[in-house]
Structure formats: C-alpha cells, structure tokens
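upload.txt (compact mmCIF, C-alpha atoms) appears below.
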# COMPACT_ATOMS: atom_id res chain seq x y z
CA MET A 1 336.44 114.55 301.38
CA SER A 2 332.85 114.37 302.59
CA GLU A 3 329.96 113.21 300.45
CA LEU A 4 328.62 116.77 300.17
CA GLN A 5 331.93 117.99 298.73
CA LYS A 6 331.93 115.52 295.87
CA PRO A 7 331.49 117.12 292.44
CA HIS A 8 328.59 115.66 290.50
CA VAL A 9 329.17 114.27 287.01
CA VAL A 10 326.36 113.04 284.75
CA VAL A 11 327.25 110.36 282.21
CA VAL A 12 324.72 110.23 279.37
CA GLY A 13 324.81 106.76 277.85
CA GLY A 14 325.16 103.40 279.57
CA GLY A 15 327.23 101.45 277.06
CA PRO A 16 330.84 100.37 277.67
CA ALA A 17 332.28 103.84 277.00
CA GLY A 18 329.88 105.56 279.38
CA LEU A 19 330.29 102.95 282.10
CA ALA A 20 334.08 103.11 281.75
CA ALA A 21 333.91 106.87 282.25
CA ALA A 22 331.61 106.43 285.25
CA GLU A 23 333.96 103.90 286.84
CA THR A 24 336.94 106.20 286.36
CA LEU A 25 335.15 109.18 287.89
CA ALA A 26 333.79 107.19 290.83
CA ALA A 27 337.36 106.10 291.58
CA ARG A 28 338.32 109.79 291.61
CA SER A 29 335.79 110.61 294.37
CA CYS A 30 333.09 112.04 292.12
CA ALA A 31 329.37 111.55 292.58
CA VAL A 32 328.27 109.95 289.32
CA THR A 33 324.86 109.49 287.74
CA VAL A 34 324.51 107.39 284.58
CA VAL A 35 321.44 108.24 282.48
CA ASP A 36 320.27 106.10 279.55
CA ARG A 37 317.20 106.29 277.34
CA MET A 38 316.75 102.50 277.26
CA PRO A 39 315.09 100.48 280.06
CA SER A 40 318.42 98.83 280.94
CA LEU A 41 322.12 99.47 280.39
CA GLY A 42 324.56 97.93 277.94
CA ARG A 43 322.10 96.62 275.36
CA LYS A 44 324.44 96.79 272.38
CA PHE A 45 327.22 95.36 274.56
CA LEU A 46 324.99 92.39 275.34
CA MET A 47 324.16 91.96 271.66
CA ALA A 48 327.87 91.90 270.83
CA GLY A 49 328.29 89.05 273.29
CA ARG A 50 325.74 86.80 271.62
CA SER A 51 328.34 85.47 269.19
CA GLY A 52 331.19 85.55 271.71
CA LEU A 53 332.28 88.79 273.35
CA ASN A 54 335.43 89.87 271.50
CA LEU A 55 336.79 92.30 274.08
CA THR A 56 340.12 93.18 272.50
CA ASN A 57 343.08 91.81 270.55
CA ASN A 58 346.58 90.90 271.71
CA GLU A 59 348.27 92.40 268.65
CA PRO A 60 351.25 94.59 269.73
CA LEU A 61 350.34 98.26 269.99
CA SER A 62 353.11 99.23 267.58
CA GLY A 63 354.14 97.17 264.57
CA SER A 64 355.64 97.65 261.16
CA ASP A 65 354.85 100.65 258.97
CA SER A 66 351.57 99.01 258.01
CA GLY A 67 350.79 97.07 261.18
CA GLY A 68 350.22 97.28 264.91
CA PHE A 69 347.11 97.68 267.06
CA ILE A 70 347.06 101.48 266.96
CA ARG A 71 347.31 101.53 263.17
CA ARG A 72 343.98 99.68 262.97
CA TYR A 73 342.28 103.02 263.64
CA GLY A 74 343.56 104.46 260.37
CA ASP A 75 343.32 108.24 260.16
CA ALA A 76 342.11 108.39 263.77
CA SER A 77 345.24 106.65 265.11
CA SER A 78 346.88 109.89 266.20
CA TRP A 79 343.67 110.96 267.96
CA LEU A 80 342.82 107.72 269.75
CA GLY A 81 346.35 106.43 270.23
CA SER A 82 347.03 108.10 273.58
CA SER A 83 343.84 106.74 275.13
CA VAL A 84 344.54 103.18 273.92
CA ARG A 85 348.13 103.37 275.20
CA ALA A 86 346.85 104.59 278.57
CA PHE A 87 344.36 101.74 278.83
CA PRO A 88 345.74 99.06 276.48
CA PRO A 89 344.50 95.51 275.83
CA GLU A 90 346.39 93.97 278.76
CA LYS A 91 344.73 96.40 281.19
CA LEU A 92 341.32 95.63 279.72
CA VAL A 93 341.95 91.90 280.16
CA ASN A 94 343.12 92.45 283.76
CA TRP A 95 340.02 94.52 284.44
CA ALA A 96 337.72 91.76 283.13
CA GLU A 97 339.52 89.12 285.15
CA GLU A 98 339.24 91.24 288.30
CA LEU A 99 335.49 91.10 287.71
CA GLY A 100 335.64 87.30 287.74
CA GLN A 101 335.75 86.80 283.97
CA PRO A 102 338.97 85.01 282.91
CA CYS A 103 339.92 85.55 279.27
CA TYR A 104 341.65 83.60 276.53
CA SER A 105 343.10 84.36 273.08
CA GLY A 106 341.47 82.86 270.02
CA GLY A 107 342.33 82.98 266.34
CA GLY A 108 343.82 86.18 264.98
CA GLY A 109 344.77 87.38 268.46
CA ARG A 110 341.14 87.95 269.42
CA VAL A 111 340.56 87.97 273.18
CA PHE A 112 337.32 86.66 274.70
CA PRO A 113 335.99 85.99 278.19
CA LYS A 114 335.93 82.24 278.72
CA ALA A 115 332.20 82.52 279.41
CA MET A 116 331.83 83.78 275.79
CA LYS A 117 329.01 86.06 276.91
CA ALA A 118 328.68 89.70 277.90
CA SER A 119 325.99 89.23 280.55
CA PRO A 120 328.18 87.86 283.41
CA LEU A 121 330.73 90.62 282.86
CA LEU A 122 328.08 93.35 282.69
CA ARG A 123 326.36 92.09 285.85
CA ALA A 124 329.63 92.10 287.80
CA TRP A 125 330.52 95.53 286.44
CA LEU A 126 327.18 97.08 287.38
CA GLN A 127 327.45 95.56 290.83
CA ARG A 128 330.90 97.13 291.27
CA LEU A 129 329.60 100.50 290.09
CA GLY A 130 326.70 100.26 292.52
CA VAL A 131 329.08 99.58 295.41
CA ALA A 132 331.09 102.62 294.30
CA GLY A 133 327.96 104.74 294.63
CA VAL A 134 327.19 105.26 290.95
CA LEU A 135 323.49 106.01 290.46
CA VAL A 136 321.59 104.82 287.39
CA GLN A 137 318.55 106.42 285.79
CA THR A 138 317.03 104.60 282.81
CA GLY A 139 314.21 105.46 280.45
CA SER A 140 315.36 109.09 280.13
CA ARG A 141 316.33 110.60 276.77
CA TRP A 142 318.73 113.53 276.75
CA ILE A 143 317.33 116.34 274.56
CA GLY A 144 319.85 119.16 275.10
CA TRP A 145 320.41 122.04 277.49
CA SER A 146 318.15 124.52 279.22
CA GLU A 147 318.74 128.28 278.97
CA ASP A 148 320.62 128.21 282.28
CA GLY A 149 322.88 125.35 281.13
CA GLY A 150 321.15 122.41 282.77
CA LEU A 151 320.88 119.04 281.03
CA LEU A 152 317.33 118.35 279.86
CA PHE A 153 315.86 114.84 279.86
CA GLU A 154 312.55 113.47 278.64
CA HIS A 155 311.25 110.88 281.07
CA LYS A 156 307.85 109.42 280.24
CA ASP A 157 305.71 112.51 279.58
CA ALA A 158 307.78 114.98 281.60
CA VAL A 159 310.97 116.97 281.11
CA ALA A 160 313.49 117.06 283.96
CA SER A 161 316.72 118.98 284.39
CA MET A 162 320.09 118.25 285.99
CA THR A 163 322.93 120.74 286.48
CA PRO A 164 326.12 118.72 287.07
CA ASP A 165 329.64 120.02 287.52
CA ALA A 166 330.73 118.12 284.40
CA THR A 167 329.07 115.99 281.73
CA ILE A 168 330.21 112.92 279.81
CA LEU A 169 328.36 112.17 276.58
CA ALA A 170 328.62 108.53 275.50
CA LEU A 171 325.65 108.41 273.16
CA GLY A 172 326.82 105.83 270.64
CA GLY A 173 326.86 106.00 266.87
CA ALA A 174 324.14 105.51 264.28
CA SER A 175 323.73 101.76 263.97
CA TRP A 176 321.42 99.36 265.80
CA SER A 177 319.09 102.16 266.84
CA ARG A 178 316.73 99.72 268.54
CA LEU A 179 319.52 99.09 271.07
CA GLY A 180 319.93 102.77 271.84
CA SER A 181 322.23 104.35 269.22
CA ASP A 182 319.91 106.45 267.09
CA ALA A 183 322.16 109.55 266.60
CA ARG A 184 319.33 111.94 267.46
CA TRP A 185 321.89 113.86 269.48
CA VAL A 186 323.72 115.08 266.35
CA GLY A 187 321.47 118.08 265.76
CA VAL A 188 321.76 119.17 269.40
CA LEU A 189 325.55 119.34 269.20
CA VAL A 190 325.62 120.94 265.75
CA GLU A 191 323.40 123.75 267.07
CA ARG A 192 326.02 124.37 269.76
CA GLY A 193 328.81 124.70 267.19
CA VAL A 194 330.35 121.22 267.50
CA ASP A 195 332.13 120.05 264.33
CA MET A 196 330.69 116.80 263.00
CA THR A 197 331.68 114.33 260.29
CA PRO A 198 328.65 112.66 258.65
CA PHE A 199 328.01 109.10 259.78
CA ARG A 200 328.69 106.29 257.30
CA PRO A 201 328.36 102.53 257.77
CA ALA A 202 331.46 100.54 258.71
CA ASN A 203 331.90 96.77 259.04
CA CYS A 204 328.80 96.51 256.93
CA GLY A 205 327.15 94.47 254.21
CA PHE A 206 326.65 95.57 250.62
CA VAL A 207 323.90 95.57 248.02
CA ALA A 208 324.35 93.33 244.96
CA ALA A 209 322.07 93.09 241.93
CA TRP A 210 320.99 89.50 242.52
CA SER A 211 318.34 87.99 240.28
CA ASP A 212 315.00 87.26 241.94
CA THR A 213 315.61 83.50 241.56
CA PHE A 214 319.01 83.66 243.25
CA ARG A 215 317.75 85.91 246.04
CA GLU A 216 314.72 83.78 246.83
CA ARG A 217 316.63 80.51 246.88
CA PHE A 218 319.94 81.45 248.48
CA ALA A 219 319.37 84.38 250.88
CA GLY A 220 320.93 83.34 254.18
CA THR A 221 323.31 80.80 252.58
CA PRO A 222 326.88 80.88 253.91
CA LEU A 223 329.91 81.05 251.62
CA LYS A 224 332.54 79.14 253.57
CA ARG A 225 336.32 79.08 253.14
CA ILE A 226 336.40 81.63 250.32
CA ALA A 227 338.87 84.36 249.40
CA VAL A 228 337.79 87.86 248.41
CA THR A 229 339.84 90.31 246.35
CA PHE A 230 339.30 94.04 245.95
CA GLU A 231 341.77 96.72 244.83
CA GLY A 232 344.67 94.30 245.09
CA ALA A 233 343.86 93.15 248.63
CA THR A 234 342.93 89.47 249.09
CA LEU A 235 341.50 88.11 252.32
CA ARG A 236 340.26 84.66 253.30
CA GLY A 237 337.22 84.04 255.44
CA GLU A 238 333.49 83.53 255.25
CA ALA A 239 330.53 85.52 253.97
CA VAL A 240 326.76 85.18 253.76
CA VAL A 241 324.43 85.79 250.85
CA THR A 242 321.61 88.12 251.88
CA ALA A 243 318.40 89.11 250.16
CA ARG A 244 320.00 92.48 249.45
CA GLY A 245 323.55 91.39 248.69
CA ILE A 246 326.43 90.01 250.74
CA GLU A 247 327.84 90.41 254.25
CA GLY A 248 330.05 88.56 256.75
CA GLY A 249 333.50 88.71 258.29
CA VAL A 250 335.59 88.77 255.14
CA ILE A 251 333.31 91.45 253.65
CA TYR A 252 333.50 93.58 256.80
CA ALA A 253 337.29 93.47 256.62
CA LEU A 254 337.16 95.14 253.20
CA SER A 255 334.13 97.33 253.89
CA ALA A 256 335.98 100.65 254.32
CA ALA A 257 337.66 100.32 250.91
CA LEU A 258 334.44 99.14 249.27
CA ARG A 259 332.37 101.92 250.84
CA ASP A 260 334.86 104.61 249.86
CA ALA A 261 334.97 103.32 246.27
CA ILE A 262 331.17 103.45 246.08
CA ASP A 263 331.19 106.99 247.47
CA ARG A 264 333.71 108.02 244.79
CA GLY A 265 331.65 106.39 242.07
CA ASP A 266 334.48 104.00 241.24
CA SER A 267 334.12 100.40 240.12
CA THR A 268 333.15 98.08 242.94
CA ILE A 269 333.63 94.66 241.42
CA LEU A 270 334.45 92.18 244.15
CA HIS A 271 336.06 88.90 243.05
CA LEU A 272 335.30 85.70 244.95
CA ASP A 273 337.66 82.71 244.88
CA LEU A 274 335.37 79.83 245.77
CA ARG A 275 338.22 77.36 246.31
CA PRO A 276 341.30 79.31 247.43
CA ASP A 277 342.97 76.13 248.72
CA ILE A 278 343.25 74.69 245.17
CA ASP A 279 345.21 76.40 242.39
CA GLU A 280 343.65 77.01 239.00
CA ALA A 281 345.53 74.22 237.19
CA MET A 282 344.53 71.58 239.75
CA LEU A 283 340.96 72.86 239.68
CA ALA A 284 340.83 72.45 235.89
CA ARG A 285 342.19 68.90 236.11
CA ARG A 286 339.58 67.91 238.66
CA LEU A 287 336.78 69.44 236.60
CA ALA A 288 338.03 67.59 233.53
CA GLY A 289 337.67 64.32 235.41
CA VAL A 290 333.88 64.71 235.69
CA ARG A 291 331.66 63.72 232.76
CA PRO A 292 330.69 66.89 230.85
CA ARG A 293 327.05 65.84 230.56
CA GLU A 294 326.65 66.24 234.33
CA SER A 295 324.81 69.36 235.47
CA LEU A 296 326.96 72.29 236.57
CA SER A 297 326.01 71.77 240.21
CA ASN A 298 326.99 68.09 240.02
CA ARG A 299 330.29 68.89 238.29
CA LEU A 300 331.23 71.37 241.01
CA ARG A 301 330.10 69.05 243.80
CA LYS A 302 331.90 65.95 242.46
CA ALA A 303 335.07 67.69 241.36
CA VAL A 304 335.69 70.18 244.16
CA GLN A 305 332.93 69.67 246.78
CA LEU A 306 331.25 73.02 246.14
CA PRO A 307 327.61 73.49 247.25
CA PRO A 308 324.74 74.51 244.93
CA VAL A 309 325.19 78.21 245.74
CA ALA A 310 328.49 78.11 243.82
CA ALA A 311 326.82 77.14 240.55
CA ALA A 312 324.14 79.77 241.14
CA LEU A 313 326.81 82.46 241.66
CA LEU A 314 328.38 81.53 238.33
CA ARG A 315 325.01 81.83 236.60
CA GLU A 316 324.54 85.31 238.08
CA VAL A 317 327.51 86.36 235.92
CA GLY A 318 326.11 84.79 232.73
CA GLU A 319 326.18 81.41 231.04
CA PRO A 320 329.02 79.50 232.72
CA PRO A 321 331.75 78.11 230.42
CA LYS A 322 331.78 74.37 229.88
CA ASP A 323 335.46 73.75 229.24
CA PRO A 324 337.38 72.94 232.44
CA VAL A 325 340.09 75.59 232.03
CA SER A 326 337.68 78.51 231.58
CA LEU A 327 335.40 77.21 234.33
CA ALA A 328 338.33 76.90 236.74
CA ARG A 329 339.40 80.45 235.92
CA LEU A 330 335.92 81.74 236.70
CA LEU A 331 335.71 79.81 239.98
CA LYS A 332 338.92 81.51 241.09
CA ALA A 333 337.55 85.01 240.41
CA VAL A 334 333.75 85.21 240.34
CA PRO A 335 332.86 88.91 239.83
CA VAL A 336 330.17 90.39 242.07
CA CYS A 337 329.11 93.96 241.39
CA LEU A 338 328.28 95.91 244.55
CA THR A 339 326.08 98.96 244.08
CA ALA A 340 325.66 100.41 247.59
CA THR A 341 326.33 99.83 251.26
CA ASP A 342 323.56 98.14 253.18
CA ALA A 343 321.48 100.28 255.55
CA ILE A 344 323.56 102.06 258.20
CA ASP A 345 321.28 100.75 260.95
CA ARG A 346 322.38 97.20 260.05
CA ALA A 347 326.10 98.03 260.20
CA ILE A 348 328.17 96.62 263.04
CA SER A 349 329.76 100.03 263.55
CA VAL A 350 330.02 103.44 261.90
CA ALA A 351 332.56 105.95 260.69
CA GLY A 352 331.95 109.62 261.37
CA GLY A 353 330.71 111.49 264.41
CA VAL A 354 332.23 114.22 266.57
CA ALA A 355 335.31 115.44 264.70
CA ALA A 356 338.75 115.44 266.25
CA SER A 357 338.87 119.21 265.67
CA ALA A 358 335.88 119.58 268.02
CA CYS A 359 337.76 118.28 271.08
CA ASP A 360 340.86 119.01 273.08
CA GLU A 361 343.29 116.30 274.19
CA ARG A 362 341.02 115.43 277.13
CA PHE A 363 338.03 114.72 274.81
CA MET A 364 336.38 117.91 276.08
CA LEU A 365 334.29 119.78 273.49
CA ASN A 366 335.91 123.08 272.55
CA ALA A 367 332.49 124.67 272.03
CA ILE A 368 331.05 123.49 275.36
CA PRO A 369 333.55 123.52 278.26
CA GLY A 370 332.87 120.86 280.86
CA VAL A 371 331.27 118.48 278.36
CA PHE A 372 333.34 115.43 277.35
CA VAL A 373 332.64 112.87 274.62
CA CYS A 374 333.72 109.27 274.11
CA GLY A 375 333.01 105.96 272.44
CA GLU A 376 331.24 105.43 269.13
CA MET A 377 330.00 109.00 268.89
CA LEU A 378 333.57 110.06 268.04
CA ASP A 379 334.79 110.09 264.43
CA TRP A 380 336.77 106.86 264.10
CA GLU A 381 336.38 103.39 262.67
CA ALA A 382 338.20 100.10 263.04
CA PRO A 383 337.85 96.51 261.86
CA THR A 384 336.19 93.82 263.91
CA GLY A 385 338.53 91.64 265.94
CA GLY A 386 338.48 93.40 269.31
CA TYR A 387 339.44 96.90 268.15
CA LEU A 388 335.93 98.36 268.43
CA LEU A 389 335.26 97.56 272.09
CA GLN A 390 338.85 98.40 273.05
CA ALA A 391 338.45 101.97 271.74
CA CYS A 392 335.14 102.35 273.55
CA PHE A 393 336.68 101.32 276.88
CA SER A 394 339.83 103.37 276.31
CA THR A 395 338.14 106.60 275.22
CA GLY A 396 335.55 106.25 277.99
CA ARG A 397 338.27 106.06 280.60
CA ALA A 398 340.19 108.89 278.96
CA ALA A 399 337.12 111.13 278.95
CA GLY A 400 336.45 110.27 282.58
CA GLU A 401 340.01 111.11 283.54
CA GLY A 402 339.85 114.26 281.42
CA ALA A 403 336.75 115.38 283.30
CA ALA A 404 338.45 114.67 286.63
CA ARG A 405 341.48 116.77 285.61
CA TRP A 406 339.18 119.59 284.52
CA LEU A 407 337.36 119.47 287.88
CA GLU A 408 340.74 119.64 289.62
CA MET A 409 341.66 122.74 287.63
CA ARG A 410 338.41 124.37 288.76
CA GLY A 411 339.11 123.51 292.39
CA LEU A 412 336.13 121.14 292.62
CA LEU A 413 338.16 117.98 293.06
CA ARG A 414 341.25 117.28 295.11
CA GLU A 415 344.28 116.77 292.89
CA GLN A 416 345.58 113.22 292.89
CA ASP A 417 347.28 110.84 290.50
CA SER A 418 344.99 107.94 289.70
CA GLY A 419 347.84 106.04 288.06
CA LEU A 420 345.69 105.49 284.98
CA TYR A 421 346.46 108.50 282.83
CA PRO A 422 349.16 111.16 282.65
CA HIS A 423 348.20 114.80 282.92
CA PRO A 424 347.25 116.03 279.46
CA SER A 425 350.00 117.97 277.73

Starting from the file, give its structure as structure tokens.
Amino acid sequence: MSELQKPHVVVVGGGPAGLAAAETLAARSCAVTVVDRMPSLGRKFLMAGRSGLNLTNNEPLSGSDSGGFIRRYGDASSWLGSSVRAFPPEKLVNWAEELGQPCYSGGGGRVFPKAMKASPLLRAWLQRLGVAGVLVQTGSRWIGWSEDGGLLFEHKDAVASMTPDATILALGGASWSRLGSDARWVGVLVERGVDMTPFRPANCGFVAAWSDTFRERFAGTPLKRIAVTFEGATLRGEAVVTARGIEGGVIYALSAALRDAIDRGDSTILHLDLRPDIDEAMLARRLAGVRPRESLSNRLRKAVQLPPVAAALLREVGEPPKDPVSLARLLKAVPVCLTATDAIDRAISVAGGVAASACDERFMLNAIPGVFVCGEMLDWEAPTGGYLLQACFSTGRAAGEGAARWLEMRGLLREQDSGLYPHPS
C-alpha cells in the first residue's frame, strides 16, 4: 500500500488514550495526525508520574463475585471489559518494557516503571510514534465540525479545518483543566445528539466544617496509619487534612460511596480510627496509665504516640471525655461530617461523560459515524491503584482498532488481523 493510499485519521487529544489509538492506527497502515490544544502532549500523564507512575495492577481480571480487575469499573464493567481483556495489564507491562521501561509490582498489586516517572516512557513512546510516521500538531483546540463535515480547530487567532477519513476523540474528562481536560467539548457533542452523563468528581477530597482554628493550624497535616469507616466499609491507609476538608488515598477509596450519599442527601458521617492497630480495651489501659492532669495532647502522645492533630480532631467534635474508656472509644471512631465533594477540577478523575448508549461496540458514536471516543471522556470510574491508566490505554487501543475495522468495511483500508483485537461482534 503506497503512502497516497493510506486513509487519514485525526486523533484529537494527546494523552495516553489518544496516543494508544494513534499507535494502533499507525500499525494498521493509517496516516495519523494527533492534535492537542496544549503546547505539548501527555501533560496529565506526566503529572500522574510525579508521585510514581502507577501504570496498572496485577490483580486477576476475574475474581470472586465481588472481586477481580474488571469489577473495579463497577457499572461500566460490561462496557469496558472487552477492551481491558483485549489489552490487559500484562500486555501494558510488556509494551512499557519494549519501550525500555522495566516494571515492578509494589504494594496492593500496583505496577510501576522502575524509573518511577512518566517522562522517560513518554519520550520513548513519542519517538516510536514519530518513526511510525505519526504527525503531531499542538496548540490547536478542537471546536466542532464545519457544515461540510470537516473538523474545525482554533490555532492562535485562526480557524483551520481537516477532513479525515475517521476521527478519534480522546479529549479527557473534567478535572485538572490546566493540564488540558476542561470538558468544553461536551456542548459540541450534545448538539450533535450524543448522549451524555453529567460529570461528577471521583477519587476526590471532601469538604468538612472545620473550625477556623483547626483549619489554620492543621491544613496540610497528614493523618498516618488510620482506618476509615463509612456505610459498613472499613479501609486502612492515610489521609491529609486540607483547608476545605479531607483528602488522600483512603478517602479516595471511599469517594464514590461518599459522593453518592451526598448526592442523595443522606448522612455522610465518616468515622476515623486514629489507632487501628490497638484495640479499644488496650487503648483505655494505656490512657489510664498517664496522669489525668496532663493536657489532652500530652496524654495522647505519651499513651499512644498520637500527634497534636489527633487532639484537635477530638475537639472538633466537642469537649473530649476525660475518662480513659470514653476517650478510647472516641479515638476508635472520631466522627467527621462531610458536606460536599471538593471541586471537580481538583479530583484525580471523574465519573460521567459519553454514555455507553451513545456508542457501538467499537466505541464509535451512533450519532456521528466515523467518530470514535475513548479514555476519560467515556462514562466510567475506577479507584486509584492502576485501574485508571489501564482503562485509558485499553479503550484507546480499542477505539483505534474499531476505527481501523470501520475503514476496512468502507474499503479504505486493506483487511488484516492485527492480532490485538477480535472483529467486533
């Protein structure tokens, strides 16, 4: 197939989903152009790598009735499952290692590149895409379609048009807008009849009614080795007090349940166990061994090595009890009333987006044939731990393969089996 015979596909969005789609299409002999509104590609991907790039998780795809990798996507499991099975964690790890980034498994099955950064992986990936002939155009915002069906882009002070044979939209969700995901595309798709589910924060922090004194003194203070209970679920981990409320890994793990309870108007009392490694009876005995005339902070420090923020949390509830048994009981279940989710732009990820009903099994929009969607702009959510990036890579590749199959059906691309995905049923 000569260069002139290659069908042209435009991928709008240069995050992991869009780049995965571009790589898949380039391997299927398509001419691919990636367009992004930011000055460089993969900005949110690079941000994710600042604390260690958690690519995926080695949890088995299928587990018990309540477990398994696929089940982490909740109601979207049936929608995303085929794409994750087609490009599962082991293939993602192999792909990273082929790019010179060996990986290892950490706690909880989390898989990281040994470099613990996104930048070396992204550089190698972009180099591979360049060798494959993928073109990149940055600084161009997609604003919709022209009357004749061309893609319209704002670039500096001008509007340009492209008319590709197929389009992949990988425009991200609605969090971290300064990195590129500002959801301004929602109105464009709604006008074209695409079903949307409203965006909501996921893996997010929450607002608590802290006193001014507590907020001013303890904002930014970590809460280490705690347990958190909500609606019968108890998880151990760490959190951070913020000026607005509370956030952190153990909070993110419960964020979907907390958010949904807030949306329903139900009680959102979170209970913190400040010393989950010590039972209540032992805690009471240790507290009894400290002179009662000591200050509360000193009692907690000497008896159970708790920092000053612990005493302050107790005072947020009211006057702390003095007797050891009641104090121990409170330390094991400090109530924190959450009133709202934190701002969606601060959330690690989002729920909502393009509804499953808006797409066929290839991730092609029913309302706009030849336009495929992938990544965070789809309506799904998952916990942190590797599940977020995995779905972005998997749906990006699935959308790319779906576009290739569609081009085959139109006679624009030679039929071949890439070995990555089965033909859609």

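Comparing A:Pro201, A:Gly220, A:Gly49, A:Gly180 by their smallest distance to A:Trp142, the closest is A:Gly180 (using only C-alpha atoms).
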
Skip A:Val11 itself and residues of its chain fewer than 3 positions away, then list as a VMD selection string all residues within 7 Å of it, counting all atoms listed in the file.
chain A and resid 18 22 33 to 35 167 to 169

Enumerate, in order of chain and increasing residue number, the residues of stretch 174-222 of chain A with an atom no farther than 6 Å from stretch 243-265 of chain A, each with its shortest atom pair and distance in Å to one decimal, counting all atoms listed in the file, as CSV.
residue,atom,partner,partner_atom,distance
A:Asn203,CA,A:Tyr252,CA,4.2
A:Cys204,CA,A:Tyr252,CA,5.5
A:Gly205,CA,A:Glu247,CA,4.1
A:Phe206,CA,A:Gly245,CA,5.6
A:Val207,CA,A:Gly245,CA,4.2
A:Ala208,CA,A:Gly245,CA,4.3
A:Arg215,CA,A:Ala243,CA,5.3
A:Ala219,CA,A:Ala243,CA,4.9

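Using only C-alpha atoms, the nearest neighbour of A:His155 within the list A:Arg200, A:Arg293, A:Arg405, A:Arg37 is A:Arg37.
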
Considering only C-alpha atoms, tabulate each residue of stretch 183-274 of chain A that lies at most 10 Å from stretch 305-312 of chain A along with its nearest interatomic pair and the corresponding distance in Å to one decimal; arrange the rows by chain and ascending residue number and present them as a tab-separated table.
residue	atom	partner	partner_atom	distance
A:Thr213	CA	A:Ala312	CA	9.3
A:Phe214	CA	A:Ala312	CA	6.8
A:Arg217	CA	A:Val309	CA	8.9
A:Phe218	CA	A:Val309	CA	6.8
A:Ala219	CA	A:Val309	CA	9.9
A:Thr221	CA	A:Val309	CA	7.6
A:Pro222	CA	A:Val309	CA	8.8
A:Leu223	CA	A:Val309	CA	8.1
A:Lys224	CA	A:Leu306	CA	9.7
A:Val241	CA	A:Val309	CA	9.2
A:Leu274	CA	A:Ala310	CA	7.4

Taking 5 positions as the minimum chain separation for residues in the same chain, which residues sit within 8 Å of stretch 391-396 of chain A when counting only C-alpha atoms? Answer as a ChimeraX atom specification.
/A:16-21,80,83-84,86-88,92,170,373-376

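Non-sequential neighbours of A:Leu53 (distance at most 6 Å, separation of 2 or more positions within a chain, all atoms listed in the file) are Ala48, Gly49, Leu55, Phe112, Met116, Lys117 and Ala118 of chain A.
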
So that I have them on file, write out the residues from the current selection with C-alpha atoms, as a compact mmCIF listing (two decimals), keeping the file's coordinate frame.
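Written output follows (result_0.txt):
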# COMPACT_ATOMS: atom_id res chain seq x y z
CA ALA A 48 327.87 91.90 270.83
CA GLY A 49 328.29 89.05 273.29
CA LEU A 55 336.79 92.30 274.08
CA PHE A 112 337.32 86.66 274.70
CA MET A 116 331.83 83.78 275.79
CA LYS A 117 329.01 86.06 276.91
CA ALA A 118 328.68 89.70 277.90

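Distances to A:Pro164 were evaluated for A:Leu151, A:Met196, A:Leu121, A:Leu378 using only C-alpha atoms, and the minimum falls at A:Leu151.
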
What is the atom CA of A:Arg285-atom CA of A:Leu327 distance in Å, reported with one decimal?
10.9 Å

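Each of A:Leu365, A:Ala382, A:Leu41, A:Leu412 was compared to A:Leu122 using only C-alpha atoms, and A:Leu41 turns out to be the nearest.
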
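With distances restricted to only C-alpha atoms, A:Gly13 is the closest residue to A:Trp185 from A:Gly74, A:Gly139, A:Gly13, A:Gly400.
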